[in-house]
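Asker: Next comes coords18.txt, compact mmCIF, C-alpha atoms and all ligand atoms:
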# COMPACT_ATOMS: atom_id res chain seq x y z
CA MET A 1 -40.14 -64.87 18.43
CA LYS A 2 -40.91 -61.83 20.59
CA ASN A 3 -41.82 -62.36 24.24
CA LYS A 4 -45.37 -61.04 23.83
CA GLN A 5 -46.07 -63.26 20.81
CA LEU A 6 -45.46 -66.35 22.89
CA LYS A 7 -48.38 -68.15 24.47
CA VAL A 8 -46.27 -68.70 27.58
CA PRO A 9 -43.46 -66.15 27.75
CA PHE A 10 -40.25 -67.10 29.52
CA PHE A 11 -40.58 -64.23 31.97
CA LEU A 12 -43.06 -61.53 32.96
CA PRO A 13 -42.23 -58.77 35.44
CA TYR A 14 -44.69 -58.44 38.30
CA VAL A 15 -45.71 -54.78 38.69
CA ASP A 16 -49.30 -54.25 39.87
CA ASN A 17 -51.60 -51.22 40.29
CA PHE A 18 -50.53 -50.73 43.89
CA ASP A 19 -46.89 -50.47 42.76
CA ILE A 20 -47.86 -47.93 40.11
CA SER A 21 -49.82 -45.78 42.56
CA GLU A 22 -46.80 -45.78 44.94
CA ILE A 23 -44.54 -44.58 42.09
CA LYS A 24 -47.04 -41.85 41.15
CA LYS A 25 -47.16 -40.53 44.71
CA ILE A 26 -43.42 -39.86 44.61
CA ALA A 27 -43.16 -38.51 41.07
CA SER A 28 -43.86 -34.90 42.13
CA SER A 29 -41.83 -34.79 45.35
CA THR A 30 -38.91 -32.42 46.01
CA PHE A 31 -36.11 -34.95 46.31
CA LEU A 32 -36.33 -37.27 43.35
CA THR A 33 -33.10 -39.07 44.12
CA ASN A 34 -31.13 -39.96 47.27
CA GLY A 35 -34.14 -38.90 49.37
CA PRO A 36 -36.45 -40.20 52.11
CA LYS A 37 -37.95 -43.08 50.08
CA LEU A 38 -34.45 -44.49 49.55
CA GLU A 39 -33.85 -44.33 53.30
CA GLU A 40 -37.17 -46.08 53.95
CA PHE A 41 -36.42 -48.77 51.36
CA GLU A 42 -32.97 -49.34 52.86
CA SER A 43 -34.42 -49.56 56.33
CA GLN A 44 -37.06 -52.13 55.28
CA PHE A 45 -34.52 -54.11 53.24
CA LYS A 46 -32.22 -54.27 56.23
CA LYS A 47 -35.10 -55.62 58.32
CA PHE A 48 -36.06 -58.15 55.65
CA THR A 49 -32.54 -59.53 55.40
CA ASN A 50 -31.74 -59.02 59.07
CA SER A 51 -28.50 -57.22 58.25
CA LYS A 52 -27.06 -54.18 60.02
CA TYR A 53 -26.77 -51.92 56.96
CA ALA A 54 -28.38 -51.69 53.53
CA VAL A 55 -27.23 -49.27 50.82
CA GLY A 56 -29.36 -48.76 47.72
CA VAL A 57 -27.47 -48.48 44.42
CA SER A 58 -28.18 -48.32 40.69
CA ASN A 59 -27.86 -52.08 40.01
CA ALA A 60 -26.12 -55.24 41.21
CA THR A 61 -23.07 -54.64 39.02
CA SER A 62 -22.42 -51.34 40.80
CA ALA A 63 -23.06 -53.10 44.13
CA LEU A 64 -20.34 -55.63 43.25
CA HIS A 65 -18.00 -52.89 42.00
CA ILE A 66 -18.44 -50.83 45.17
CA SER A 67 -17.91 -53.94 47.34
CA LEU A 68 -14.66 -54.81 45.53
CA ASN A 69 -13.50 -51.20 45.93
CA ALA A 70 -14.41 -51.21 49.60
CA LEU A 71 -12.20 -54.28 50.09
CA GLY A 72 -9.31 -52.65 48.26
CA VAL A 73 -9.31 -55.05 45.30
CA SER A 74 -7.23 -53.60 42.47
CA LYS A 75 -4.70 -54.35 39.71
CA ASN A 76 -2.53 -57.46 40.33
CA ASP A 77 -5.23 -59.03 42.52
CA GLU A 78 -7.26 -62.08 41.60
CA VAL A 79 -10.90 -62.73 42.44
CA ILE A 80 -12.51 -66.16 42.12
CA VAL A 81 -15.91 -66.34 40.42
CA PRO A 82 -18.04 -69.29 39.22
CA ASP A 83 -18.14 -70.23 35.55
CA LEU A 84 -21.94 -70.38 35.59
CA THR A 85 -23.01 -66.79 36.19
CA PHE A 86 -24.05 -63.68 34.34
CA ALA A 87 -21.08 -61.73 32.93
CA ALA A 88 -21.65 -58.89 35.43
CA THR A 89 -20.06 -60.91 38.25
CA ALA A 90 -16.74 -61.05 36.39
CA ASN A 91 -17.11 -57.64 34.71
CA ALA A 92 -17.19 -55.95 38.12
CA VAL A 93 -13.82 -57.60 38.85
CA LEU A 94 -12.37 -56.33 35.56
CA GLN A 95 -13.65 -52.84 36.37
CA THR A 96 -11.27 -52.72 39.35
CA GLY A 97 -8.28 -53.78 37.22
CA ALA A 98 -8.12 -57.18 38.94
CA THR A 99 -8.32 -60.56 37.17
CA PRO A 100 -11.36 -62.82 37.43
CA VAL A 101 -10.39 -66.44 38.03
CA ILE A 102 -13.06 -68.86 36.93
CA ALA A 103 -13.95 -71.82 39.15
CA ASP A 104 -16.00 -74.87 38.22
CA ILE A 105 -19.46 -75.55 39.59
CA ASP A 106 -21.05 -78.28 41.65
CA GLU A 107 -23.25 -80.37 39.34
CA ASN A 108 -25.98 -80.86 41.94
CA THR A 109 -26.55 -77.26 43.00
CA LEU A 110 -25.04 -75.49 39.95
CA ASN A 111 -23.24 -73.28 42.48
CA ILE A 112 -19.50 -72.62 42.73
CA SER A 113 -17.56 -75.73 43.73
CA PRO A 114 -15.52 -75.29 46.96
CA THR A 115 -13.04 -77.89 45.66
CA SER A 116 -12.51 -75.87 42.53
CA ILE A 117 -12.10 -72.66 44.56
CA LEU A 118 -9.20 -74.36 46.36
CA LYS A 119 -7.55 -75.29 43.06
CA ASN A 120 -7.59 -71.64 41.98
CA ILE A 121 -6.10 -69.95 45.04
CA THR A 122 -2.70 -68.28 44.66
CA LYS A 123 -0.82 -65.56 46.52
CA LYS A 124 -2.65 -63.02 44.38
CA THR A 125 -6.14 -64.16 45.38
CA LYS A 126 -7.94 -61.50 47.33
CA ALA A 127 -11.62 -62.46 47.26
CA ILE A 128 -14.27 -64.97 46.24
CA ILE A 129 -17.63 -64.06 44.74
CA PRO A 130 -20.03 -66.98 45.26
CA VAL A 131 -23.26 -66.59 43.27
CA HIS A 132 -26.41 -68.09 44.78
CA PHE A 133 -27.46 -69.48 41.40
CA ALA A 134 -31.23 -69.59 40.76
CA GLY A 135 -31.62 -68.58 44.42
CA VAL A 136 -30.12 -71.79 45.85
CA PRO A 137 -27.70 -70.84 48.64
CA CYS A 138 -24.05 -71.77 48.09
CA ASP A 139 -22.25 -74.00 50.58
CA MET A 140 -21.25 -71.03 52.73
CA ALA A 141 -19.84 -73.16 55.57
CA LYS A 142 -17.19 -74.60 53.24
CA ILE A 143 -16.58 -71.28 51.49
CA LYS A 144 -16.21 -69.46 54.83
CA LYS A 145 -13.71 -72.08 55.98
CA ILE A 146 -11.66 -71.59 52.79
CA SER A 147 -11.80 -67.81 53.20
CA ASN A 148 -10.64 -68.05 56.82
CA ASP A 149 -7.85 -70.52 56.02
CA HIS A 150 -6.52 -68.35 53.18
CA SER A 151 -7.40 -64.86 54.49
CA LEU A 152 -9.76 -64.12 51.61
CA LYS A 153 -12.76 -61.81 51.51
CA ILE A 154 -16.22 -62.95 50.38
CA ILE A 155 -18.66 -60.88 48.36
CA GLU A 156 -21.95 -62.70 47.85
CA ASP A 157 -23.68 -62.21 44.51
CA CYS A 158 -27.32 -62.38 45.63
CA ALA A 159 -28.79 -61.15 42.33
CA HIS A 160 -31.04 -64.25 42.20
CA ALA A 161 -31.48 -64.70 45.90
CA ILE A 162 -33.81 -62.29 47.62
CA GLY A 163 -35.70 -64.52 50.05
CA SER A 164 -33.03 -67.28 50.16
CA TYR A 165 -31.93 -68.53 53.57
CA LEU A 166 -29.29 -70.82 54.96
CA ASP A 167 -30.07 -72.03 58.51
CA LYS A 168 -32.59 -69.17 58.80
CA ILE A 169 -29.91 -66.58 57.92
CA HIS A 170 -30.66 -64.54 54.82
CA VAL A 171 -27.94 -64.88 52.17
CA GLY A 172 -25.71 -61.84 51.88
CA ASN A 173 -24.90 -61.99 55.60
CA PHE A 174 -22.14 -64.59 55.27
CA GLY A 175 -19.64 -62.47 53.39
CA GLU A 176 -18.34 -58.92 53.72
CA THR A 177 -21.27 -57.80 51.56
CA GLY A 178 -24.28 -59.21 49.73
CA CYS A 179 -25.21 -57.67 46.36
CA PHE A 180 -28.79 -57.75 45.08
CA SER A 181 -30.27 -56.96 41.66
CA PHE A 182 -33.70 -55.46 41.03
CA TYR A 183 -33.63 -55.93 37.26
CA PRO A 184 -37.09 -56.65 35.73
CA THR A 185 -36.57 -60.42 35.57
CA LYS A 186 -35.67 -60.66 39.26
CA ASN A 187 -38.01 -61.65 42.13
CA LEU A 188 -38.20 -58.00 43.21
CA THR A 189 -37.89 -55.29 40.60
CA THR A 190 -37.27 -51.56 40.66
CA ILE A 191 -36.80 -51.78 36.85
CA GLU A 192 -33.11 -51.02 37.33
CA GLY A 193 -31.68 -51.05 40.84
CA GLY A 194 -29.63 -52.87 43.40
CA MET A 195 -28.74 -53.10 47.08
CA ILE A 196 -25.65 -53.85 49.14
CA ILE A 197 -26.13 -55.39 52.55
CA THR A 198 -23.32 -55.55 55.07
CA ASN A 199 -22.73 -55.89 58.77
CA ASN A 200 -19.67 -53.67 58.58
CA LYS A 201 -20.23 -49.98 59.31
CA LYS A 202 -17.07 -48.87 57.48
CA ILE A 203 -18.14 -50.65 54.29
CA ALA A 204 -21.66 -49.18 54.52
CA ASN A 205 -20.31 -45.64 54.95
CA PHE A 206 -17.84 -46.13 52.09
CA ALA A 207 -20.65 -47.42 49.84
CA LYS A 208 -22.84 -44.40 50.65
CA LEU A 209 -20.04 -42.06 49.67
CA ILE A 210 -18.86 -43.79 46.53
CA ARG A 211 -22.38 -44.25 45.07
CA ASN A 212 -22.77 -40.45 45.04
CA HIS A 213 -19.51 -39.17 43.45
CA GLY A 214 -17.73 -39.42 46.80
CA LEU A 215 -19.64 -36.38 48.15
CA THR A 216 -19.59 -36.23 51.93
CA ARG A 217 -23.16 -34.81 52.01
CA THR A 218 -26.28 -35.93 50.13
CA LEU A 219 -28.62 -33.60 48.22
CA MET A 220 -31.29 -33.83 50.93
CA ASN A 221 -28.76 -33.15 53.65
CA ARG A 222 -27.16 -30.18 51.82
CA TYR A 223 -30.46 -28.44 51.13
CA SER A 224 -31.99 -29.16 54.53
CA SER A 225 -29.32 -27.49 56.69
CA GLY A 226 -26.15 -25.43 56.39
CA LYS A 227 -24.49 -24.30 53.17
CA PRO A 228 -25.54 -26.56 50.27
CA TRP A 229 -22.16 -26.21 48.54
CA GLU A 230 -20.18 -27.24 51.62
CA TYR A 231 -19.00 -30.81 51.07
CA ASP A 232 -15.76 -32.64 50.55
CA ILE A 233 -14.68 -35.47 48.23
CA LYS A 234 -12.05 -37.87 49.54
CA ASN A 235 -12.35 -40.88 47.23
CA ILE A 236 -13.04 -41.29 43.56
CA GLY A 237 -16.78 -41.82 43.27
CA TYR A 238 -19.42 -42.86 40.76
CA ASN A 239 -23.00 -42.06 39.98
CA TYR A 240 -24.47 -45.31 41.31
CA ARG A 241 -27.55 -43.75 42.93
CA LEU A 242 -30.98 -45.32 43.32
CA ASP A 243 -33.70 -42.74 42.70
CA GLU A 244 -36.86 -42.10 44.68
CA LEU A 245 -39.33 -43.60 42.17
CA ARG A 246 -37.39 -46.82 42.07
CA SER A 247 -37.11 -46.83 45.87
CA ALA A 248 -40.90 -46.38 46.17
CA LEU A 249 -41.40 -49.30 43.76
CA GLY A 250 -38.89 -51.41 45.70
CA LEU A 251 -40.68 -50.74 48.99
CA SER A 252 -43.99 -51.68 47.49
CA GLN A 253 -42.54 -54.86 45.98
CA LEU A 254 -40.83 -55.84 49.21
CA LYS A 255 -44.19 -55.88 51.01
CA LYS A 256 -45.45 -58.75 48.84
CA LEU A 257 -42.18 -60.56 48.23
CA LYS A 258 -42.83 -63.44 50.64
CA ILE A 259 -46.22 -64.15 49.04
CA LEU A 260 -44.74 -63.97 45.54
CA ASN A 261 -41.83 -66.24 46.44
CA LYS A 262 -44.32 -68.75 47.90
CA LYS A 263 -46.16 -68.77 44.56
CA ARG A 264 -42.85 -69.48 42.84
CA LEU A 265 -42.26 -72.39 45.21
CA ASN A 266 -45.70 -73.82 44.33
CA ILE A 267 -44.84 -73.56 40.64
CA PHE A 268 -41.50 -75.26 41.32
CA GLN A 269 -43.16 -78.13 43.19
CA TYR A 270 -45.79 -78.59 40.48
CA TYR A 271 -43.14 -78.82 37.73
CA ASN A 272 -41.21 -81.36 39.80
CA SER A 273 -44.28 -83.47 40.54
CA LYS A 274 -45.28 -83.63 36.86
CA LEU A 275 -41.85 -84.17 35.30
CA ILE A 276 -40.32 -86.56 37.81
CA ASP A 277 -40.82 -89.79 35.86
CA ILE A 278 -39.28 -88.68 32.54
CA PRO A 279 -36.13 -90.71 31.76
CA GLY A 280 -33.02 -88.64 31.11
CA LEU A 281 -34.24 -85.47 32.83
CA ILE A 282 -32.53 -84.25 36.00
CA LEU A 283 -34.85 -81.99 37.97
CA PRO A 284 -33.73 -79.40 40.53
CA SER A 285 -33.65 -80.64 44.11
CA GLU A 286 -36.66 -79.78 46.24
CA THR A 287 -34.53 -79.72 49.40
CA ASP A 288 -32.37 -77.00 47.84
CA TYR A 289 -35.35 -75.03 46.60
CA LEU A 290 -37.08 -75.00 49.98
CA LYS A 291 -34.24 -72.70 51.13
CA SER A 292 -34.34 -70.60 48.00
CA SER A 293 -36.10 -67.67 46.36
CA CYS A 294 -37.06 -70.03 43.48
CA HIS A 295 -35.77 -67.46 41.04
CA LEU A 296 -35.30 -69.92 38.17
CA TYR A 297 -36.49 -73.42 37.38
CA VAL A 298 -33.50 -75.10 35.71
CA LEU A 299 -33.74 -78.71 34.55
CA ARG A 300 -31.10 -80.82 32.80
CA VAL A 301 -31.75 -82.75 29.61
CA THR A 302 -29.03 -85.41 29.75
CA HIS A 303 -27.76 -87.60 26.89
CA GLU A 304 -30.07 -90.34 28.18
CA ALA A 305 -33.16 -88.34 27.24
CA LYS A 306 -35.02 -88.95 23.96
CA ILE A 307 -34.09 -85.52 22.60
CA THR A 308 -31.36 -82.98 23.25
CA ARG A 309 -31.67 -79.74 25.21
CA ASN A 310 -31.52 -77.73 21.96
CA GLU A 311 -34.27 -79.87 20.43
CA LEU A 312 -36.44 -79.37 23.49
CA PHE A 313 -35.84 -75.60 23.34
CA LYS A 314 -36.91 -75.54 19.66
CA HIS A 315 -39.95 -77.73 20.29
CA LEU A 316 -41.12 -75.45 23.11
CA GLN A 317 -40.52 -72.36 21.02
CA LYS A 318 -42.51 -73.83 18.11
CA ASN A 319 -45.40 -74.25 20.50
CA GLY A 320 -45.22 -70.68 21.81
CA ILE A 321 -43.32 -71.43 25.02
CA GLY A 322 -40.32 -69.33 26.05
CA SER A 323 -37.31 -70.99 27.64
CA THR A 324 -33.61 -70.14 27.84
CA VAL A 325 -30.21 -71.14 29.16
CA HIS A 326 -28.74 -69.56 32.28
CA TYR A 327 -25.97 -69.03 31.30
CA LYS A 328 -23.47 -69.38 28.53
CA PRO A 329 -20.51 -70.02 30.88
CA LEU A 330 -17.94 -67.26 31.31
CA HIS A 331 -15.14 -69.35 29.76
CA GLU A 332 -17.07 -69.39 26.46
CA LEU A 333 -17.17 -65.58 26.16
CA SER A 334 -14.45 -63.80 24.15
CA LEU A 335 -13.80 -61.15 26.81
CA PHE A 336 -13.08 -63.70 29.51
CA LYS A 337 -11.07 -65.93 27.18
CA LYS A 338 -8.72 -62.95 26.98
CA LYS A 339 -9.00 -61.42 30.43
CA ALA A 340 -9.84 -64.22 32.85
CA LEU A 341 -7.92 -67.25 34.07
CA HIS A 342 -8.84 -70.72 35.19
CA ARG A 343 -6.65 -73.34 36.82
CA ASP A 344 -9.24 -76.09 36.92
CA GLN A 345 -10.72 -77.94 33.96
CA LEU A 346 -14.29 -76.63 34.34
CA LYS A 347 -15.47 -80.18 33.63
CA SER A 348 -18.87 -79.82 35.27
CA SER A 349 -19.81 -76.48 33.77
CA LYS A 350 -18.81 -77.75 30.32
CA THR A 351 -21.03 -80.83 30.76
CA ILE A 352 -24.06 -79.04 32.11
CA TYR A 353 -23.90 -76.16 29.60
CA ASP A 354 -25.30 -78.51 26.93
CA GLU A 355 -27.98 -79.82 29.27
CA ILE A 356 -29.54 -76.95 31.19
CA LEU A 357 -32.81 -75.27 30.26
CA SER A 358 -34.74 -72.69 32.30
CA LEU A 359 -38.54 -72.99 32.07
CA PRO A 360 -41.09 -70.18 32.60
CA MET A 361 -41.16 -69.27 36.31
CA TYR A 362 -43.01 -66.22 37.67
CA PRO A 363 -45.76 -65.69 40.22
CA GLN A 364 -48.44 -64.95 37.64
CA LEU A 365 -47.80 -68.16 35.65
CA SER A 366 -51.27 -69.76 35.57
CA LYS A 367 -51.91 -73.47 36.17
CA THR A 368 -53.35 -73.68 32.64
CA ASN A 369 -50.16 -72.28 31.14
CA GLN A 370 -47.95 -74.41 33.35
CA ASN A 371 -49.91 -77.50 32.28
CA TYR A 372 -49.41 -76.43 28.67
CA VAL A 373 -45.61 -76.29 29.21
CA ILE A 374 -45.62 -79.67 30.96
CA LYS A 375 -47.76 -81.26 28.21
CA HIS A 376 -45.31 -80.12 25.53
CA ILE A 377 -42.31 -81.41 27.46
CA ARG A 378 -43.98 -84.78 28.03
CA ASN A 379 -45.10 -85.26 24.44
CA LYS A 380 -41.48 -85.11 23.18
CA LEU A 381 -39.70 -86.86 26.00
C1 LIG B 1 -25.89 -63.52 38.92
C2 LIG B 1 -26.01 -62.08 38.51
N1 LIG B 1 -25.09 -61.20 38.97
C3 LIG B 1 -25.13 -59.90 38.64
C4 LIG B 1 -26.14 -59.41 37.83
C5 LIG B 1 -26.15 -57.96 37.47
O1 LIG B 1 -27.31 -57.33 37.89
P1 LIG B 1 -27.68 -55.87 37.36
O2 LIG B 1 -28.27 -56.05 36.00
O3 LIG B 1 -28.68 -55.38 38.37
O4 LIG B 1 -26.44 -55.07 37.33
C6 LIG B 1 -27.12 -60.27 37.35
C7 LIG B 1 -28.18 -59.76 36.47
O5 LIG B 1 -28.79 -60.39 35.69
C8 LIG B 1 -27.05 -61.64 37.68
O6 LIG B 1 -27.97 -62.52 37.24
For this file, produce the structure as structure tokens.
Answerer:
Amino acid sequence: MKNKQLKVPFFLPYVDNFDISEIKKIASSTFLTNGPKLEEFESQFKKFTNSKYAVGVSNATSALHISLNALGVSKNDEVIVPDLTFAATANAVLQTGATPVIADIDENTLNISPTSILKNITKKTKAIIPVHFAGVPCDMAKIKKISNDHSLKIIEDCAHAIGSYLDKIHVGNFGETGCFSFYPTKNLTTIEGGMIITNNKKIANFAKLIRNHGLTRTLMNRYSSGKPWEYDIKNIGYNYRLDELRSALGLSQLKKLKILNKKRLNIFQYYNSKLIDIPGLILPSETDYLKSSCHLYVLRVTHEAKITRNELFKHLQKNGIGSTVHYKPLHELSLFKKKALHRDQLKSSKTIYDEILSLPMYPQLSKTNQNYVIKHIRNKL
């Protein structure tokens, strides 16, 4: 069933008339990429996350790839990633020639398990990529301790986590870098887009170079002063730029992000209040979500429930309600069966893969539609 045919789609991007007018204003400007809007977006993003540097890029996968490059990760290295994540987290590792090593998750938070990280460390391990799944911050105190004890780098995958805080510190500030996605399903969208935050000047400068073919001068800089053709290239670079239209959209979205995330939290709390008494369902923890961007609402349909997760999915779909599973774990995908390793049994991710279901969660989800979803869950369970 197509998204638009559903009565309650699983996701809807939030782009309003104000966003569209901001994009239109930029569409006829001189510098359509790597220009002043990008600088403004970076500067506001840096303020929002309270980080020293922010570098706009084409998506979160390129943000991860640049971060791994900046830390010198390459062939013969290993990088630890959680089993429960989108493939991009591990793909970025493969892009450097290194091997992704898959760790199990913590069943309560669905985030990477620090105990499993420890089981996967070898002499080849260079970095860990914790993913703040659904927006819930990982246990960064434990992960930082492991990284310090074993001299490992941390790259935070914050694709789900814009507006997630741990002890009032925005996620992405605990590791060497934090990598954000602005894909249409995310809390802030630029359609395609991403951002790296870091508190390390060297990494920020490296990221600015490598996102633009390694050129030592940007388009705006070259055509504003001196000889436009005068630049150097010292490192292999990529085209990982974020253009001006997307930057204008990002800026406009950032202005309302706190309000939109608050609406998500209300939706989260309403689901929890109405589903709490159903036997066999495990609901996400409110304590965890109070710190989070509330990117996804993921419940677990355990074997004690009246029906299985797959039956619930089908029942919702039959009634015009979109839902999905985040994610098919990495160890189930052919690419990672061949190219990744794991030294732990992945017991928790195997168990929860059959149980998890993500329900509709977006700021414009109406109470009527949310009640409709709840009614159809209750009448089967
Ligand atoms: C956890 C996670 N990491 C990385 C990515 C990659 O983001 P992008 O599509 O912006 O490259 C995604 C996107 O869905 C994601 O969910």
Asker: List the spatial neighbours of stretch 119-130 of chain A as a ChimeraX atom specification - criterion: any atom at most 8 Å away, all atoms listed in the file, same-chain residues fewer than 3 positions off excluded.
Answerer: /A:73,76-82,89,101-103,111-112,115-116,138,147,151-157,342-344
Asker: Residues at most 7 Å from ligand LIG 1 (chain B), using all atoms listed in the file? Could they come as an MDAnalysis selection string?
Answerer: chainID A and resid 59:62 85:86 88:89 131 133 157:160 181:183 192:194
Asker: Which protein, DNA or RNA residues have an atom at most 8 Å from (-39.7, -48.3, 50.3), counting only C-alpha atoms? List them as a list in words.
Answerer: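 Within the cut-off we find Lys37, Leu38, Glu39, Glu40, Phe41, Glu42, Gln44, Ser247, Ala248, Leu249, Gly250, Leu251, Ser252 and Leu254 of chain A.
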Asker: What is the distance, in Å and to one decimal place, between atom CA of A:Arg246 and atom CA of A:Tyr53?
Answerer: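 If I compute the distance from atom CA of A:Arg246 to atom CA of A:Tyr53, I get 19.0 Å.
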Asker: Please identify all polymer residues within 7 Å of A:Ser358, counting all atoms listed in the file, omitting same-chain residues fewer than 3 positions from it, and present them as a list in words.
Answerer: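 Listing them by chain and then by number gives Leu296, Tyr297, Val298, Leu299, Ser323, Thr324, Val325 and His326 of chain A.
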Asker: Excluding stretch 272-274 of chain A and any residue of its chain fewer than 4 positions from it, enumerate the residues within 10 Å of it, using only C-alpha atoms, and give them as a list in words.
Answerer: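 These residues fall inside the cut-off: Asn266, Ile267, Phe268, Ile278, Ile282, Leu283, Pro284, Ser285, Glu286, Tyr297, Leu299, Asn371, Ile374, Lys375 and Arg378 of chain A.
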Asker: Next, the residues of the selection above should be written as a PDB file, in the coordinates of the input with C-alpha atoms.
Answerer:
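Once written, selection24.pdb looks like this:
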ATOM      1  CA  ASN A 266     -45.700 -73.820  44.330  1.00  0.00           C
ATOM      2  CA  ILE A 267     -44.840 -73.560  40.640  1.00  0.00           C
ATOM      3  CA  PHE A 268     -41.500 -75.260  41.320  1.00  0.00           C
ATOM      4  CA  ILE A 278     -39.280 -88.680  32.540  1.00  0.00           C
ATOM      5  CA  ILE A 282     -32.530 -84.250  36.000  1.00  0.00           C
ATOM      6  CA  LEU A 283     -34.850 -81.990  37.970  1.00  0.00           C
ATOM      7  CA  PRO A 284     -33.730 -79.400  40.530  1.00  0.00           C
ATOM      8  CA  SER A 285     -33.650 -80.640  44.110  1.00  0.00           C
ATOM      9  CA  GLU A 286     -36.660 -79.780  46.240  1.00  0.00           C
ATOM     10  CA  TYR A 297     -36.490 -73.420  37.380  1.00  0.00           C
ATOM     11  CA  LEU A 299     -33.740 -78.710  34.550  1.00  0.00           C
ATOM     12  CA  ASN A 371     -49.910 -77.500  32.280  1.00  0.00           C
ATOM     13  CA  ILE A 374     -45.620 -79.670  30.960  1.00  0.00           C
ATOM     14  CA  LYS A 375     -47.760 -81.260  28.210  1.00  0.00           C
ATOM     15  CA  ARG A 378     -43.980 -84.780  28.030  1.00  0.00           C
TER      16      ARG A 378
END
Asker: For the interface of stretch 239-298 of chain A with stretch 213-225 of chain A (cut-off 10 Å, counting only C-alpha atoms), please tabulate each contacting residue of stretch 239-298 of chain A alongside its nearest pair of atoms and their separation in Å to one decimal, rows sorted by chain and increasing number, as JSON lines.
Answerer:
{"residue": "A:Asn239", "atom": "CA", "partner": "A:His213", "partner_atom": "CA", "distance": 5.7}
{"residue": "A:Tyr240", "atom": "CA", "partner": "A:His213", "partner_atom": "CA", "distance": 8.2}
{"residue": "A:Arg241", "atom": "CA", "partner": "A:His213", "partner_atom": "CA", "distance": 9.3}
Asker: Select, from A:Thr177, A:Asn91, A:Asn34, A:Ser67, the residue with the minimum atom-to-atom distance to A:Phe206, counting all atoms listed in the file.
Answerer: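 Of all the options, A:Ser67 lies closest to A:Phe206.
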Asker: One number please: atom CA of A:Ser113 to atom CA of A:Gln345, in Å, one decimal.
Answerer: 12.1 Å
Asker: For a test of reading the model, state the distance in Å between atom CA of A:Lys367 and atom CA of A:Val8, rounded to one decimal.
Answerer: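 Answer for the atom CA of A:Lys367 to atom CA of A:Val8 separation: 11.3 Å.
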Asker: Between A:Ser74, A:Thr189, A:Ile117, A:Leu64, which is the closest to A:Ala92 once you count all atoms listed in the file?
Answerer: A:Leu64
Asker: Taking all atoms listed in the file into account, which of A:Ala141, A:Leu118, A:Val55, A:Ala98 comes nearest A:Gly178?
Answerer: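 Nearest to A:Gly178: A:Val55.
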Asker: Which polymer residues, whether protein, DNA or RNA, lie within 9 Å of the coordinate (-18.4, -42.2, 48.7) when you count all atoms listed in the file? List them as a list in words, using the chain letters and numbers from the file.
Answerer: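 Returned residue set, sorted by chain then number, is Asn205, Phe206, Ala207, Lys208, Leu209, Ile210, Arg211, Asn212, His213, Gly214, Leu215, Thr216, Ile233, Lys234, Asn235, Ile236, Gly237 and Tyr238 of chain A.
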Asker: Restricting the calculation to all atoms listed in the file: of A:Asn148, A:Asn187, A:Gln317, A:Asn17, which residue gets closest to A:Cys294?
Answerer: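 Using all atoms listed in the file, A:Cys294 sits closest to A:Asn187.
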Asker: Could you check which of A:Thr308, A:Thr109, A:Ser43, A:Asn200 is closest to A:Ala70, using all atoms listed in the file?
Answerer: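 Of the candidates, the smallest distance to A:Ala70 is held by A:Asn200.
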Asker: May I ask which of the residues A:Asp277, A:Asp139, A:Thr96, A:Asn173 is the closest one to A:Lys75, counting all atoms listed in the file?
Answerer: A:Thr96
Asker: Could you add the missing atoms to stretch 239-248 of chain A, up to N, CA and C atoms, and return them as a compact mmCIF listing (two decimals), in the coordinates of the input?
Answerer:
# COMPACT_ATOMS: atom_id res chain seq x y z
N ASN A 239 -21.57 -42.30 39.82
CA ASN A 239 -23.00 -42.06 39.98
C ASN A 239 -23.69 -43.42 39.97
N TYR A 240 -23.84 -43.99 41.15
CA TYR A 240 -24.47 -45.31 41.31
C TYR A 240 -25.72 -45.16 42.19
N ARG A 241 -26.42 -44.01 42.02
CA ARG A 241 -27.55 -43.75 42.93
C ARG A 241 -28.80 -44.53 42.54
N LEU A 242 -29.66 -44.73 43.54
CA LEU A 242 -30.98 -45.32 43.32
C LEU A 242 -31.99 -44.20 43.56
N ASP A 243 -32.82 -43.91 42.55
CA ASP A 243 -33.70 -42.74 42.70
C ASP A 243 -34.95 -43.05 43.53
N GLU A 244 -35.73 -42.00 43.77
CA GLU A 244 -36.86 -42.10 44.68
C GLU A 244 -38.02 -42.92 44.11
N LEU A 245 -38.24 -42.82 42.78
CA LEU A 245 -39.33 -43.60 42.17
C LEU A 245 -39.03 -45.09 42.26
N ARG A 246 -37.79 -45.41 41.99
CA ARG A 246 -37.39 -46.82 42.07
C ARG A 246 -37.45 -47.32 43.53
N SER A 247 -37.07 -46.44 44.45
CA SER A 247 -37.11 -46.83 45.87
C SER A 247 -38.56 -47.07 46.30
N ALA A 248 -39.49 -46.21 45.82
CA ALA A 248 -40.90 -46.38 46.17
C ALA A 248 -41.41 -47.72 45.60
